Structures are given as C-alpha cells and as structure tokens.
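S.K.: Contents of query_11.cif (mmCIF, C-alpha atoms and all ligand atoms) are below:
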data_start
loop_
_atom_site.label_atom_id
_atom_site.label_comp_id
_atom_site.auth_asym_id
_atom_site.auth_seq_id
_atom_site.Cartn_x
_atom_site.Cartn_y
_atom_site.Cartn_z
CA MET A 1 0.00 0.00 0.00
CA GLU A 2 2.77 2.41 1.01
CA GLY A 3 4.61 1.70 -2.22
CA SER A 4 1.49 2.32 -4.22
CA ILE A 5 0.86 5.73 -2.62
CA ALA A 6 4.48 6.73 -3.25
CA ALA A 7 4.12 5.58 -6.86
CA GLN A 8 0.88 7.55 -7.28
CA VAL A 9 2.50 10.67 -5.81
CA ALA A 10 5.57 10.30 -8.07
CA ASN A 11 3.33 9.73 -11.10
CA PHE A 12 1.24 12.77 -10.16
CA TYR A 13 4.30 15.03 -10.15
CA GLU A 14 5.57 13.56 -13.43
CA ARG A 15 2.32 14.74 -15.00
CA HIS A 16 2.02 17.97 -13.02
CA PRO A 17 5.46 19.29 -12.08
CA TYR A 18 5.18 21.91 -9.35
CA PRO A 19 5.41 24.84 -9.40
CA ALA A 20 4.63 25.65 -13.05
CA PRO A 21 8.15 25.70 -14.57
CA ILE A 22 9.87 29.01 -15.33
CA ASP A 23 12.92 29.79 -17.45
CA ASP A 24 13.84 33.19 -16.02
CA LEU A 25 15.72 33.62 -12.74
CA GLU A 26 16.87 37.17 -13.31
CA SER A 27 14.22 39.07 -11.38
CA TYR A 28 14.50 36.53 -8.54
CA GLY A 29 18.28 37.08 -8.43
CA ARG A 30 17.83 40.85 -8.31
CA SER A 31 15.58 40.57 -5.24
CA TRP A 32 18.35 38.92 -3.19
CA ASP A 33 20.94 41.36 -1.89
CA ALA A 34 23.43 41.19 0.99
CA LEU A 35 20.94 42.66 3.48
CA ARG A 36 18.30 40.07 2.67
CA ARG A 37 20.87 37.28 3.09
CA ARG A 38 22.00 38.70 6.41
CA ALA A 39 18.40 38.87 7.68
CA GLU A 40 17.72 35.31 6.58
CA SER A 41 20.90 34.05 8.23
CA HIS A 42 19.90 35.56 11.59
CA LEU A 43 16.33 34.38 11.29
CA PHE A 44 17.56 30.78 11.21
CA TRP A 45 20.74 31.22 13.29
CA PRO A 46 20.33 34.24 15.59
CA ALA A 47 23.31 33.25 17.74
CA GLU A 48 25.79 32.60 14.91
CA PRO A 49 27.78 35.32 13.19
CA TYR A 50 26.59 35.92 9.62
CA ARG A 51 27.65 33.27 7.10
CA ASP A 52 26.75 32.89 3.45
CA ASP A 53 28.49 29.59 2.72
CA ARG A 54 26.29 27.07 4.52
CA SER A 55 25.61 23.75 2.80
CA ILE A 56 21.96 23.56 1.70
CA LEU A 57 19.69 20.63 0.88
CA VAL A 58 16.40 21.38 -0.85
CA ALA A 59 14.38 18.23 -0.22
CA GLY A 60 11.51 17.74 -2.69
CA CYS A 61 12.76 20.69 -4.72
CA GLY A 62 10.16 20.62 -7.51
CA THR A 63 10.93 22.52 -10.71
CA THR A 64 12.51 25.71 -9.35
CA GLN A 65 13.24 25.89 -5.62
CA ALA A 66 16.79 24.43 -5.69
CA ALA A 67 17.79 26.83 -8.49
CA HIS A 68 16.34 29.70 -6.45
CA TYR A 69 18.48 28.72 -3.46
CA ALA A 70 21.61 28.46 -5.66
CA VAL A 71 20.97 32.01 -6.97
CA ARG A 72 20.13 33.36 -3.54
CA TRP A 73 23.23 31.87 -1.87
CA PRO A 74 25.97 31.95 -4.55
CA ARG A 75 28.72 30.99 -2.06
CA SER A 76 26.82 27.93 -0.77
CA GLN A 77 26.80 24.43 -2.18
CA VAL A 78 23.18 23.49 -2.87
CA ILE A 79 21.81 20.01 -3.51
CA GLY A 80 18.25 19.55 -4.72
CA ILE A 81 16.53 16.16 -4.58
CA ASP A 82 13.14 15.13 -5.90
CA VAL A 83 11.42 11.93 -7.05
CA SER A 84 10.09 13.59 -10.18
CA ALA A 85 12.42 13.17 -13.18
CA LYS A 86 10.61 16.03 -14.91
CA SER A 87 11.20 18.43 -12.02
CA ILE A 88 14.86 17.44 -11.92
CA ALA A 89 15.12 18.02 -15.68
CA PHE A 90 13.60 21.52 -15.36
CA THR A 91 16.06 22.33 -12.58
CA GLN A 92 18.97 21.04 -14.70
CA GLU A 93 17.91 23.38 -17.50
CA LEU A 94 17.99 26.34 -15.10
CA LYS A 95 21.38 25.21 -13.80
CA GLN A 96 22.79 25.15 -17.33
CA LYS A 97 21.14 28.37 -18.49
CA TYR A 98 22.44 30.36 -15.50
CA ALA A 99 25.74 28.43 -15.03
CA LEU A 100 24.83 27.57 -11.45
CA ASP A 101 28.07 25.76 -10.56
CA ASN A 102 27.05 25.64 -6.90
CA LEU A 103 23.98 23.50 -7.66
CA GLU A 104 23.70 19.73 -7.91
CA VAL A 105 20.41 17.91 -8.49
CA ARG A 106 19.57 14.25 -7.98
CA GLN A 107 16.48 12.15 -8.55
CA LEU A 108 16.20 10.77 -5.05
CA SER A 109 13.43 10.43 -2.48
CA VAL A 110 13.53 12.29 0.83
CA GLU A 111 13.34 8.92 2.60
CA ARG A 112 16.65 7.91 0.94
CA VAL A 113 18.52 11.14 1.66
CA ALA A 114 21.18 9.19 3.62
CA ALA A 115 22.36 7.86 0.24
CA LEU A 116 23.96 11.29 -0.35
CA GLY A 117 26.35 10.49 2.51
CA GLU A 118 26.38 14.14 3.60
CA SER A 119 24.99 16.35 6.32
CA PHE A 120 23.69 19.87 5.72
CA ASP A 121 23.67 23.16 7.62
CA HIS A 122 20.36 24.15 6.11
CA ILE A 123 17.58 21.80 4.98
CA VAL A 124 14.58 23.24 3.21
CA CYS A 125 11.53 21.02 2.85
CA THR A 126 8.38 22.92 1.92
CA GLY A 127 5.14 21.49 0.61
CA VAL A 128 6.43 17.91 0.53
CA LEU A 129 6.01 15.86 3.71
CA HIS A 130 2.20 16.20 3.89
CA HIS A 131 2.07 14.32 0.55
CA LEU A 132 3.98 11.25 1.73
CA SER A 133 2.57 7.92 2.93
CA ASP A 134 4.96 7.94 5.91
CA PRO A 135 5.86 11.56 6.74
CA ASP A 136 7.46 10.43 10.04
CA ALA A 137 9.99 8.24 8.25
CA ALA A 138 10.83 11.10 5.86
CA LEU A 139 11.26 13.64 8.67
CA ARG A 140 13.50 11.22 10.58
CA ALA A 141 15.59 10.82 7.42
CA LEU A 142 15.95 14.61 7.15
CA ARG A 143 16.87 14.85 10.82
CA GLY A 144 19.60 12.28 10.10
CA ALA A 145 21.02 14.57 7.39
CA LEU A 146 20.95 17.74 9.52
CA ALA A 147 24.35 18.95 10.76
CA PRO A 148 24.65 19.31 14.56
CA ASN A 149 23.88 23.06 14.47
CA GLY A 150 21.82 22.87 11.32
CA ALA A 151 18.40 24.44 10.80
CA LEU A 152 15.44 22.85 9.06
CA HIS A 153 12.88 25.01 7.28
CA LEU A 154 9.72 22.93 7.19
CA MET A 155 6.40 23.89 5.63
CA VAL A 156 3.35 21.66 5.99
CA TYR A 157 -0.35 22.25 5.41
CA ALA A 158 -2.54 23.45 8.28
CA PRO A 159 -6.05 22.03 8.60
CA TYR A 160 -8.56 24.75 9.46
CA GLY A 161 -7.84 27.21 6.67
CA ARG A 162 -7.94 24.34 4.17
CA ALA A 163 -11.45 23.17 5.10
CA GLY A 164 -12.76 24.33 1.70
CA VAL A 165 -9.94 22.46 -0.08
CA TYR A 166 -10.81 19.22 1.72
CA ILE A 167 -14.50 19.63 0.88
CA LEU A 168 -13.67 20.01 -2.82
CA GLN A 169 -11.17 17.12 -2.71
CA ASP A 170 -13.98 14.90 -1.41
CA TYR A 171 -16.32 16.22 -4.13
CA CYS A 172 -13.74 15.38 -6.82
CA ARG A 173 -13.21 11.88 -5.38
CA ARG A 174 -16.97 11.20 -5.41
CA LEU A 175 -17.15 12.20 -9.06
CA GLY A 176 -14.09 10.12 -9.91
CA ILE A 177 -12.29 13.14 -11.37
CA GLY A 178 -8.77 12.25 -12.46
CA HIS A 179 -5.93 14.57 -13.40
CA THR A 180 -5.86 14.56 -17.18
CA ASP A 181 -5.58 18.00 -18.78
CA ALA A 182 -9.23 17.84 -19.89
CA GLU A 183 -10.44 16.93 -16.39
CA ILE A 184 -8.41 19.75 -14.81
CA CYS A 185 -9.77 22.19 -17.38
CA ASP A 186 -13.37 21.12 -16.61
CA LEU A 187 -12.69 21.36 -12.89
CA ALA A 188 -11.26 24.89 -13.22
CA ALA A 189 -14.37 25.90 -15.21
CA SER A 190 -16.67 24.31 -12.59
CA LEU A 191 -14.92 26.20 -9.80
CA LYS A 192 -16.04 29.43 -11.45
CA THR A 193 -19.64 28.42 -10.71
CA LEU A 194 -18.99 27.64 -7.02
CA PRO A 195 -21.39 29.46 -4.63
CA PRO A 196 -19.73 32.73 -3.56
CA ASP A 197 -20.01 31.80 0.12
CA HIS A 198 -18.46 28.33 -0.31
CA PRO A 199 -15.57 27.82 2.20
CA LEU A 200 -13.19 27.49 -0.80
CA ALA A 201 -14.27 30.83 -2.32
CA PRO A 202 -11.80 33.08 -0.39
CA LEU A 203 -8.90 30.88 -1.52
CA LEU A 204 -10.04 30.90 -5.14
CA ARG A 205 -9.96 34.69 -5.00
CA SER A 206 -6.68 35.15 -3.17
CA SER A 207 -4.40 32.12 -3.58
CA ALA A 208 -1.91 32.20 -6.45
CA ASP A 209 -2.13 28.38 -6.52
CA PHE A 210 -5.54 28.46 -8.15
CA ALA A 211 -4.25 30.61 -11.00
CA SER A 212 -2.47 27.68 -12.76
CA SER A 213 -3.59 24.18 -13.69
CA ALA A 214 -0.56 22.76 -11.79
CA GLY A 215 -1.85 24.60 -8.71
CA VAL A 216 -5.47 23.45 -9.13
CA ALA A 217 -4.31 19.84 -9.55
CA ASP A 218 -1.92 20.09 -6.59
CA ALA A 219 -4.63 21.50 -4.31
CA LEU A 220 -7.67 19.46 -5.32
CA LEU A 221 -6.62 16.26 -7.11
CA HIS A 222 -3.62 15.15 -5.14
CA PRO A 223 -3.57 11.42 -4.36
CA GLN A 224 -2.18 12.04 -0.87
CA ASP A 225 -2.67 15.13 1.29
CA ARG A 226 -2.77 15.55 5.05
CA SER A 227 -2.39 18.54 7.31
CA TYR A 228 -0.97 19.32 10.76
CA SER A 229 -2.54 21.47 13.46
CA VAL A 230 -0.03 23.22 15.75
CA PRO A 231 -0.08 20.43 18.39
CA GLN A 232 0.24 17.79 15.66
CA LEU A 233 3.19 19.65 14.14
CA MET A 234 4.94 19.85 17.52
CA GLU A 235 4.45 16.09 18.04
CA PHE A 236 5.65 15.41 14.49
CA LEU A 237 8.91 17.29 15.19
CA GLU A 238 9.32 15.66 18.60
CA ARG A 239 8.93 12.14 17.18
CA ALA A 240 11.74 12.86 14.70
CA GLY A 241 14.16 14.13 17.37
CA LEU A 242 13.69 17.79 16.39
CA ALA A 243 12.93 20.87 18.49
CA PHE A 244 10.70 23.72 17.36
CA GLY A 245 12.72 26.93 17.00
CA ARG A 246 10.38 29.62 15.71
CA TRP A 247 7.82 30.36 13.02
CA VAL A 248 9.31 31.76 9.85
CA ARG A 249 6.78 34.58 10.35
CA GLN A 250 5.76 34.65 13.99
CA ALA A 251 3.38 37.62 14.43
CA PRO A 252 0.24 35.71 13.31
CA TYR A 253 0.81 33.21 16.17
CA LEU A 254 1.47 35.70 18.99
CA PRO A 255 -1.06 37.18 21.45
CA TRP A 256 0.86 40.51 21.49
CA CYS A 257 0.31 41.12 17.79
CA GLY A 258 -2.80 42.28 15.98
CA ALA A 259 -6.37 42.16 17.23
CA LEU A 260 -5.60 39.76 20.10
CA ALA A 261 -3.31 42.31 21.76
CA SER A 262 -6.39 44.25 22.92
CA ALA A 263 -8.95 41.43 23.09
CA PRO A 264 -10.45 40.44 26.48
CA HIS A 265 -8.71 37.04 26.17
CA HIS A 266 -5.24 38.55 25.84
CA SER A 267 -4.52 38.16 29.55
CA LYS A 268 -5.59 34.50 29.48
CA LEU A 269 -3.51 33.78 26.37
CA ILE A 270 -0.29 35.20 27.77
CA GLU A 271 -0.57 32.90 30.80
CA LEU A 272 -0.22 29.87 28.51
CA THR A 273 3.06 28.30 27.43
CA ALA A 274 4.27 29.45 24.01
CA GLU A 275 3.14 26.22 22.30
CA ARG A 276 -0.33 26.45 23.83
CA GLN A 277 -0.58 30.07 22.72
CA TYR A 278 0.21 29.05 19.12
CA ALA A 279 -2.35 26.23 19.27
CA ALA A 280 -5.09 28.50 20.65
CA ILE A 281 -4.32 31.29 18.18
CA GLU A 282 -4.44 28.89 15.23
CA LEU A 283 -8.01 28.08 16.37
CA PHE A 284 -8.86 31.74 16.92
CA ARG A 285 -7.59 32.85 13.52
CA GLY A 286 -9.27 29.84 11.91
CA THR A 287 -7.88 30.41 8.41
CA MET A 288 -4.21 29.40 8.56
CA LEU A 289 -3.37 27.42 5.41
CA ARG A 290 0.11 26.25 6.26
CA HIS A 291 2.72 26.30 8.98
CA SER A 292 6.28 27.37 8.16
CA ALA A 293 8.61 26.52 11.01
CA VAL A 294 12.31 26.55 11.82
CA ALA A 295 13.44 23.43 13.68
CA TYR A 296 16.74 22.25 15.10
CA ARG A 297 18.13 18.95 16.29
CA LYS A 298 17.07 18.32 19.86
CA ASP A 299 20.70 17.59 20.72
CA ARG A 300 22.11 20.69 19.04
CA LEU A 301 25.01 22.39 20.75
CA ALA A 302 23.94 26.02 20.22
CA GLN A 303 21.37 26.15 23.02
CA ASN A 304 21.87 29.91 23.28
CA ALA A 305 19.81 30.60 20.16
CA VAL A 306 16.86 31.86 22.21
CA VAL A 307 16.07 35.55 21.89
CA ASP A 308 15.50 36.92 25.38
CA PHE A 309 14.33 40.37 26.46
CA ASP A 310 14.57 39.72 30.21
CA GLY A 311 17.82 40.65 31.94
CA ASP A 312 20.26 42.88 30.06
CA THR A 313 21.56 40.68 27.25
CA TRP A 314 19.15 42.19 24.71
CA LEU A 315 21.13 45.44 24.87
CA ALA A 316 23.97 43.69 23.05
CA TYR A 317 21.77 42.30 20.25
CA THR A 318 22.15 43.83 16.80
CA PRO A 319 18.82 44.38 15.06
CA VAL A 320 18.60 43.75 11.31
CA ARG A 321 15.58 45.00 9.36
CA LEU A 322 13.63 42.30 7.55
CA PRO A 323 13.08 42.80 3.85
CA ASP A 324 9.46 43.14 2.71
CA THR A 325 8.69 45.47 5.62
CA ILE A 326 7.24 48.86 4.76
CA VAL A 327 6.47 52.12 6.51
CA VAL A 328 3.00 53.46 5.72
CA ARG A 329 1.94 57.04 6.42
CA ASP A 330 -1.66 57.34 5.35
CA ARG A 331 -4.87 56.66 7.28
CA LEU A 332 -2.91 56.55 10.55
CA PRO A 333 -4.49 55.68 13.91
CA PRO A 334 -4.56 58.57 16.46
CA GLY A 335 -1.12 59.33 17.92
CA ALA A 336 0.81 57.35 15.30
CA THR A 337 3.34 58.93 12.95
CA ALA A 338 3.60 55.75 10.87
CA VAL A 339 2.41 52.18 10.64
CA LEU A 340 4.77 49.25 10.03
CA ILE A 341 3.69 46.36 7.86
CA ASN A 342 5.39 43.15 6.77
CA ARG A 343 4.11 42.48 3.27
CA ASN A 344 4.37 38.73 3.81
CA HIS A 345 1.64 38.84 6.44
CA THR A 346 -1.76 37.96 5.08
CA TYR A 347 -3.78 39.04 8.14
CA THR A 348 -4.92 42.64 7.91
CA ASP A 349 -4.81 43.21 11.70
CA LEU A 350 -1.02 42.85 11.65
CA TYR A 351 0.00 46.48 11.34
CA LEU A 352 2.15 48.12 14.00
CA PRO A 353 1.50 51.82 14.74
CA ILE A 354 4.56 53.72 15.97
CA ASP A 355 5.09 57.22 17.35
CA GLU A 356 7.78 59.81 16.75
CA ARG A 357 10.21 58.53 19.40
CA GLN A 358 9.91 54.96 18.15
CA GLU A 359 10.38 56.13 14.58
CA ARG A 360 13.67 57.76 15.53
CA LEU A 361 14.90 54.43 16.96
CA LEU A 362 13.71 52.57 13.86
CA GLU A 363 15.61 54.90 11.55
CA THR A 364 18.84 54.22 13.44
CA ILE A 365 18.79 50.47 12.74
CA ASP A 366 21.63 49.81 10.30
CA GLY A 367 22.47 46.15 10.94
CA LYS A 368 25.75 47.24 12.57
CA ARG A 369 24.87 48.99 15.81
CA THR A 370 23.70 47.06 18.85
CA ILE A 371 20.53 48.16 20.66
CA ALA A 372 22.72 49.74 23.39
CA GLU A 373 24.55 51.77 20.74
CA ILE A 374 21.29 52.78 19.08
CA CYS A 375 19.76 53.87 22.34
CA GLY A 376 22.85 55.75 23.64
CA GLN A 377 23.92 56.34 27.24
CA SER A 378 21.03 58.63 28.06
CA GLY A 379 18.34 56.75 26.11
CA ASP A 380 15.16 55.43 27.68
CA ARG A 381 15.93 51.72 28.12
CA THR A 382 12.38 50.66 28.91
CA LEU A 383 11.13 52.34 25.75
CA ALA A 384 13.95 50.69 23.76
CA ARG A 385 13.35 47.22 25.21
CA ASP A 386 9.60 47.34 24.62
CA PHE A 387 10.00 48.71 21.11
CA PHE A 388 12.70 46.29 19.89
CA ARG A 389 10.79 43.37 21.38
CA GLN A 390 7.72 44.60 19.54
CA LEU A 391 9.62 44.94 16.26
CA TRP A 392 10.94 41.40 16.68
CA ARG A 393 7.56 39.91 17.55
CA TRP A 394 5.93 41.67 14.61
CA ASP A 395 8.47 40.33 12.06
CA GLN A 396 9.95 43.75 11.42
CA ILE A 397 13.47 42.76 12.49
CA VAL A 398 15.58 39.74 13.28
CA LEU A 399 18.26 39.87 15.94
CA ASP A 400 21.93 39.08 15.59
CA THR A 401 22.46 37.75 19.11
CA ALA A 402 26.00 36.61 18.32
CA THR A 403 27.10 40.15 19.24
CA ALA A 404 25.74 39.49 22.75
CA VAL A 405 27.57 36.15 22.96
CA VAL A 406 30.85 37.90 22.07
CA THR A 407 30.42 40.76 24.53
CA SER A 408 28.91 38.82 27.48
C1 LIG B 501 4.20 20.70 -3.97
S1 LIG B 501 5.74 20.31 -4.65
C2 LIG B 501 6.80 21.42 -3.72
C3 LIG B 501 8.04 21.78 -4.48
C4 LIG B 501 8.98 22.73 -3.74
N1 LIG B 501 9.40 22.21 -2.46
C5 LIG B 501 8.37 24.10 -3.57
O1 LIG B 501 8.00 24.47 -2.44
O2 LIG B 501 8.25 24.81 -4.58
C6 LIG B 501 6.15 18.72 -3.93
C7 LIG B 501 7.40 18.12 -4.53
O3 LIG B 501 7.78 17.01 -3.72
C8 LIG B 501 8.22 15.97 -4.58
N2 LIG B 501 8.11 14.68 -3.86
C9 LIG B 501 6.99 13.98 -3.56
N3 LIG B 501 7.31 12.88 -2.87
C10 LIG B 501 8.65 12.91 -2.68
C11 LIG B 501 9.58 12.07 -2.02
N4 LIG B 501 9.19 10.97 -1.38
N5 LIG B 501 10.88 12.43 -2.04
C12 LIG B 501 11.30 13.55 -2.70
N6 LIG B 501 10.46 14.37 -3.35
C13 LIG B 501 9.16 14.06 -3.33
C14 LIG B 501 7.32 16.08 -5.77
O4 LIG B 501 7.84 15.41 -6.90
C15 LIG B 501 7.21 17.59 -5.94
O5 LIG B 501 8.19 18.09 -6.79
#
I'd like the structure from this file rewritten - as structure tokens, please.
Ligand SMILES: C[S@@+](CC[C@H](N)C(=O)[O-])C[C@H]1O[C@@H](n2cnc3c(N)ncnc32)[C@H](O)[C@@H]1O
M.R.:
Amino acid sequence: MEGSIAAQVANFYERHPYPAPIDDLESYGRSWDALRRRAESHLFWPAEPYRDDRSILVAGCGTTQAAHYAVRWPRSQVIGIDVSAKSIAFTQELKQKYALDNLEVRQLSVERVAALGESFDHIVCTGVLHHLSDPDAALRALRGALAPNGALHLMVYAPYGRAGVYILQDYCRRLGIGHTDAEICDLAASLKTLPPDHPLAPLLRSSADFASSAGVADALLHPQDRSYSVPQLMEFLERAGLAFGRWVRQAPYLPWCGALASAPHHSKLIELTAERQYAAIELFRGTMLRHSAVAYRKDRLAQNAVVDFDGDTWLAYTPVRLPDTIVVRDRLPPGATAVLINRNHTYTDLYLPIDERQERLLETIDGKRTIAEICGQSGDRTLARDFFRQLWRWDQIVLDTATAVVTS
C-alpha cells in the first residue's frame, strides 16, 4: 500500500510538475541582496555570526526551488533532490542556463537522503512531507542529514484554513475526477460556478495556486494530502528528534500582535506556554493554510539561540531589518506617525502603529549597531526594550544575538 501511494505521488508530479516551470531567474536574483541574506541568516541562526556559505539541501525541490536557493546563496553548495524526473530536468535546465556551478540535483526520495552520505547546515523542505505515505519516516531521514547546528525550514499544510480544499477534494473523489488536462480544465471551469459563500471561495480569490492548472491539480486532485494542526506539528517534530525553534513569520501566532493584543482574552492567552498560545491562536484565527517553522536537532550544541528580552543581554543584540517590511503614512491611527507592515503577512490586523520617538529608533537600525549603541547612554531603556521586542515579535526585524555572545 505504502509503495502504491508513493508511486501515485511520483506519477502525479511527473504529470504535473510543481510549481509551473519558469525559465527566467533574473528578477529573482535581483531581489536577493546582501541585506536580505544577512536577515535570513539571523532568522535561522540568531546566535551565529553571519555566514553565506552554509551547505543547503532542498528536499523535494520541484521545478525551481533548488535553483532559487543556488541564486540566492551563490557561495553555498546546494543540492536539490526530488522523485520527479521532470522536475529534476527543469532544474537542470535552469542550472545550465544560468551556469549555477554551486547546484547539484539528484532524482532521489527524501526517505533515501542518507544515500547522499552528507549532512547539511540548512535543509529546506516545503510542501512535501504532507504528501507522503509515511511523513514520520521522511522527517527522521531529514533529521539524520541535519548537521549538529543545522536548521530545518519545514512547511506543511494546516487544517482549518484548508477546510474548503478538503470539501472540494472529497467532491472530486466522489465524481471520480482524475488529473488529465481535460479533467483539470473542466474542474477549473466548474470552480467558477462555485457558490460565492463556499468555504473554498476566499482561496479561489486570493491564492496564487488556483491561477495555474498545476496549482489546481496540486490542491484538489492530489492522491495524498494531510495537514498538521499546531499540536500535531509539535508532536511530528518531537517524534523525529527535532525541536521547534520559531515560526518563519511569527506575528500571526502571537497574542501581542494584531487584534488579540487588545482582546479580552489577551490576559488569558499570555498565561499559557508558548506552544499552547500558538495552538489557541491557530483556532482563533481559523484560516491558517500552512505552517512554516524553523526546527533544530534536539541535541544541538547552540542552546543559546533563544532571543531573550529579560535581563540585560538584549542590549547587546544587533537588530537587522527584515526585507518586505514597509512604513505606511496614510490613514494613521490617532497618535501614530507611521504604521509598520510586513508584506508577507496575510492578516490585515497585523500592522504596528509607531510614534515619533519609536520612529527615531527605527531609523537608526543599520544592521551594525547594537541596541545599546542605538539607544545611547542617556536613552530610555524601557522604551527601547519594549520597542525592539515589539519589532521582533511583529516580524519587522531579526536579531543578531552573536554580538551578545561575544560581549557577554
Ligand atoms: C508541492 S511540490 C513542492 C516543491 C517545492 N518544495 C516548492 O516548495 O516549490 C512537492 C514536490 O515534492 C516531490 N516529492 C513527492 N514525494 C517525494 C519524495 N518521497 N521524495 C522527494 N520528493 C518528493 C514532488 O515530486 C514535488 O516536486
């Protein structure tokens, strides 16, 4: 049975390589500068000095992702693996076209990653494990290939926001709809007649995945698809010998950010442990589609990776602005001189109003000065602590805590 699901999944991706292949990496390359790399490095490794030469495995790389990583990290060695020969062939074409000497691709399953005989500083596995017949075995295999201080970027589907997807999957199964081009075309046309208040309707309007036939097939006709609630994700990591580090974007999961910050339940939420907060907030938000998490080996050596605003250590952190954050100055709430937004957030309550004093601190962030240096001898430390913690929680900055390790 297991073999047959794996064969169906492999066959599915031979017919419908994901994402829809592209032959142009130039605009992607232009969007990755030194600042973006620095921010990404400290998001995954806050306590390590910046490095741009980490070994990277893109597990289940599809048509494009491994080439993207090779462009984004030109000084890293990148290996992409996938079971789909077609996806590997598309990636090879990109490698040749853009002379990506730092990229190697192999037709290999995640479960057999040990056959590479290597361990990796950074493993990226997004949109893959929820399609496997034995996700636990695959995650254990990835854990086995993670270097002692390595970081895993894992993305899996989340259940509640995908309710409409699961309804339509069931509908397609009942009608015996397969994934030939004609069937996908008919399905896409039928989706246009879906009642406007169907639970899938918001996704049809907003998700880029429904704009291509590869996306429609991947969402609605996949032979194998499961999802993980927050508690299920935590157990999944635990079973594989991994520890949750952080969310790639954390503000949607935190009681201090957005509408929950002033809701009557805020005080109850902040009494919970972090994991219970995330689980409750997933239920409260109700529409999360996926979880993107950073995980480490449970036995990793760098236990000091935790960002901490108690005590005084935070003063020695160096804040680095995250790309995709913007400062907005129209339709401001009373008392605000600006509003900060991270364009990767999809929830509209996640905007952070700031005042003049906070704006002055924000403008001083240059990725070089520590918070103590930004704030100066006479600066208001309580204001600085609260504000930098807020910027961090709201995905406006990441923190280079290696500067604190050096100076403490
Ligand atoms: C939805 S696509 C995601 C592609 C890519 N990770 C991304 O985010 O763009 C899933 C990919 O996983 C691959 N895949 C499925 N089962 C796999 C397995 N057991 N080992 C390796 N790759 C697998 C598929 O061939 C497909 O390319």
S.K.: As a quick test: using all atoms listed in the file, which residues lie no more than 9 Å away from ligand LIG 501 (chain B)? Give them as a count of residues only.
M.R.: 52
S.K.: Compare A:Val339, A:Ala384, A:Cys172, A:Ala279 by their minimum atom-to-atom distance to Trp314 (chain A), counting all atoms listed in the file, and give me the closest one.
M.R.: A:Ala384
S.K.: Which residue out of A:Ala67, A:Ile365, A:Leu233, A:Val105 has the minimum interatomic distance to Pro319 (chain A) when all atoms listed in the file are used?
M.R.: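 Going through A:Ala67, A:Ile365, A:Leu233, A:Val105 one by one, the smallest distance to Pro319 (chain A) is for A:Ile365.
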S.K.: Between CA of Gln8 (chain A) and CA of Arg239 (chain A), what distance in Å does the model show, to one decimal?
M.R.: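 For CA of Gln8 (chain A) relative to CA of Arg239 (chain A), the distance reads 26.2 Å.
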S.K.: Quick one, how far is CA of Gly161 (chain A) from CA of His222 (chain A)?
M.R.: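 So the answer is 17.4 Å.
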S.K.: Which value, in Å to one decimal, gives the distance between CA of Asn102 (chain A) and CA of Val78 (chain A)?
M.R.: 6.0 Å
S.K.: What lies within 7 Å of Leu220 (chain A) using all atoms listed in the file, ignoring chain neighbours under 5 positions off, as a count of residues only?
M.R.: 3
S.K.: With all atoms listed in the file as the atoms that count, which of A:Leu254, A:Leu146, A:Ile326, A:Ala338 lies nearest to Arg276 (chain A)?
M.R.: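 So, comparing all the options, the nearest one is A:Leu254.
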S.K.: Would you please work out which residue, of A:Leu289, A:Leu242, A:Ile354, A:Leu383, is nearest to Val328 (chain A) when using only C-alpha atoms?
M.R.: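 Selected residue with least distance to Val328 (chain A): A:Ile354.
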S.K.: So which residues fall inside 12 Å of (12.9, 54.3, 15.9) if we count all atoms listed in the file? Mind giving them as a ChimeraX atom specification?
M.R.: /A:319,321,327,337-340,353-366,371,374-375,379,383-388,390-391,396
S.K.: Limited to C-alpha atoms, could you put the picked residues into a file as a short mmCIF file (atom, residue, chain, number, x, y, z; two decimals), keeping the file's coordinate frame?
M.R.:
data_model
loop_
_atom_site.label_atom_id
_atom_site.label_comp_id
_atom_site.auth_asym_id
_atom_site.auth_seq_id
_atom_site.Cartn_x
_atom_site.Cartn_y
_atom_site.Cartn_z
CA PRO A 319 18.82 44.38 15.06
CA ARG A 321 15.58 45.00 9.36
CA VAL A 327 6.47 52.12 6.51
CA THR A 337 3.34 58.93 12.95
CA ALA A 338 3.60 55.75 10.87
CA VAL A 339 2.41 52.18 10.64
CA LEU A 340 4.77 49.25 10.03
CA PRO A 353 1.50 51.82 14.74
CA ILE A 354 4.56 53.72 15.97
CA ASP A 355 5.09 57.22 17.35
CA GLU A 356 7.78 59.81 16.75
CA ARG A 357 10.21 58.53 19.40
CA GLN A 358 9.91 54.96 18.15
CA GLU A 359 10.38 56.13 14.58
CA ARG A 360 13.67 57.76 15.53
CA LEU A 361 14.90 54.43 16.96
CA LEU A 362 13.71 52.57 13.86
CA GLU A 363 15.61 54.90 11.55
CA THR A 364 18.84 54.22 13.44
CA ILE A 365 18.79 50.47 12.74
CA ASP A 366 21.63 49.81 10.30
CA ILE A 371 20.53 48.16 20.66
CA ILE A 374 21.29 52.78 19.08
CA CYS A 375 19.76 53.87 22.34
CA GLY A 379 18.34 56.75 26.11
CA LEU A 383 11.13 52.34 25.75
CA ALA A 384 13.95 50.69 23.76
CA ARG A 385 13.35 47.22 25.21
CA ASP A 386 9.60 47.34 24.62
CA PHE A 387 10.00 48.71 21.11
CA PHE A 388 12.70 46.29 19.89
CA GLN A 390 7.72 44.60 19.54
CA LEU A 391 9.62 44.94 16.26
CA GLN A 396 9.95 43.75 11.42
#
S.K.: Neighbouring residues of region 298-300 of chain A were defined as those with any atom within 12 Å, considering all atoms listed in the file; residues of the same chain fewer than 5 positions away were excluded. Please report them as a ChimeraX atom specification.
M.R.: /A:121,143-144,146-152,237-245,305
S.K.: Skip Leu283 (chain A) itself and residues of its chain fewer than 5 positions away, then list as a PyMOL selection string all residues within 12 Å of it, counting all atoms listed in the file.
M.R.: chain A and resi 158-161+229-231+252-253+276-278+288-289
S.K.: With distances taken over all atoms listed in the file, which residue among A:Ala214, A:Ile79, A:Ile167, A:Leu200 lies nearest Ile184 (chain A)?
M.R.: A:Ala214
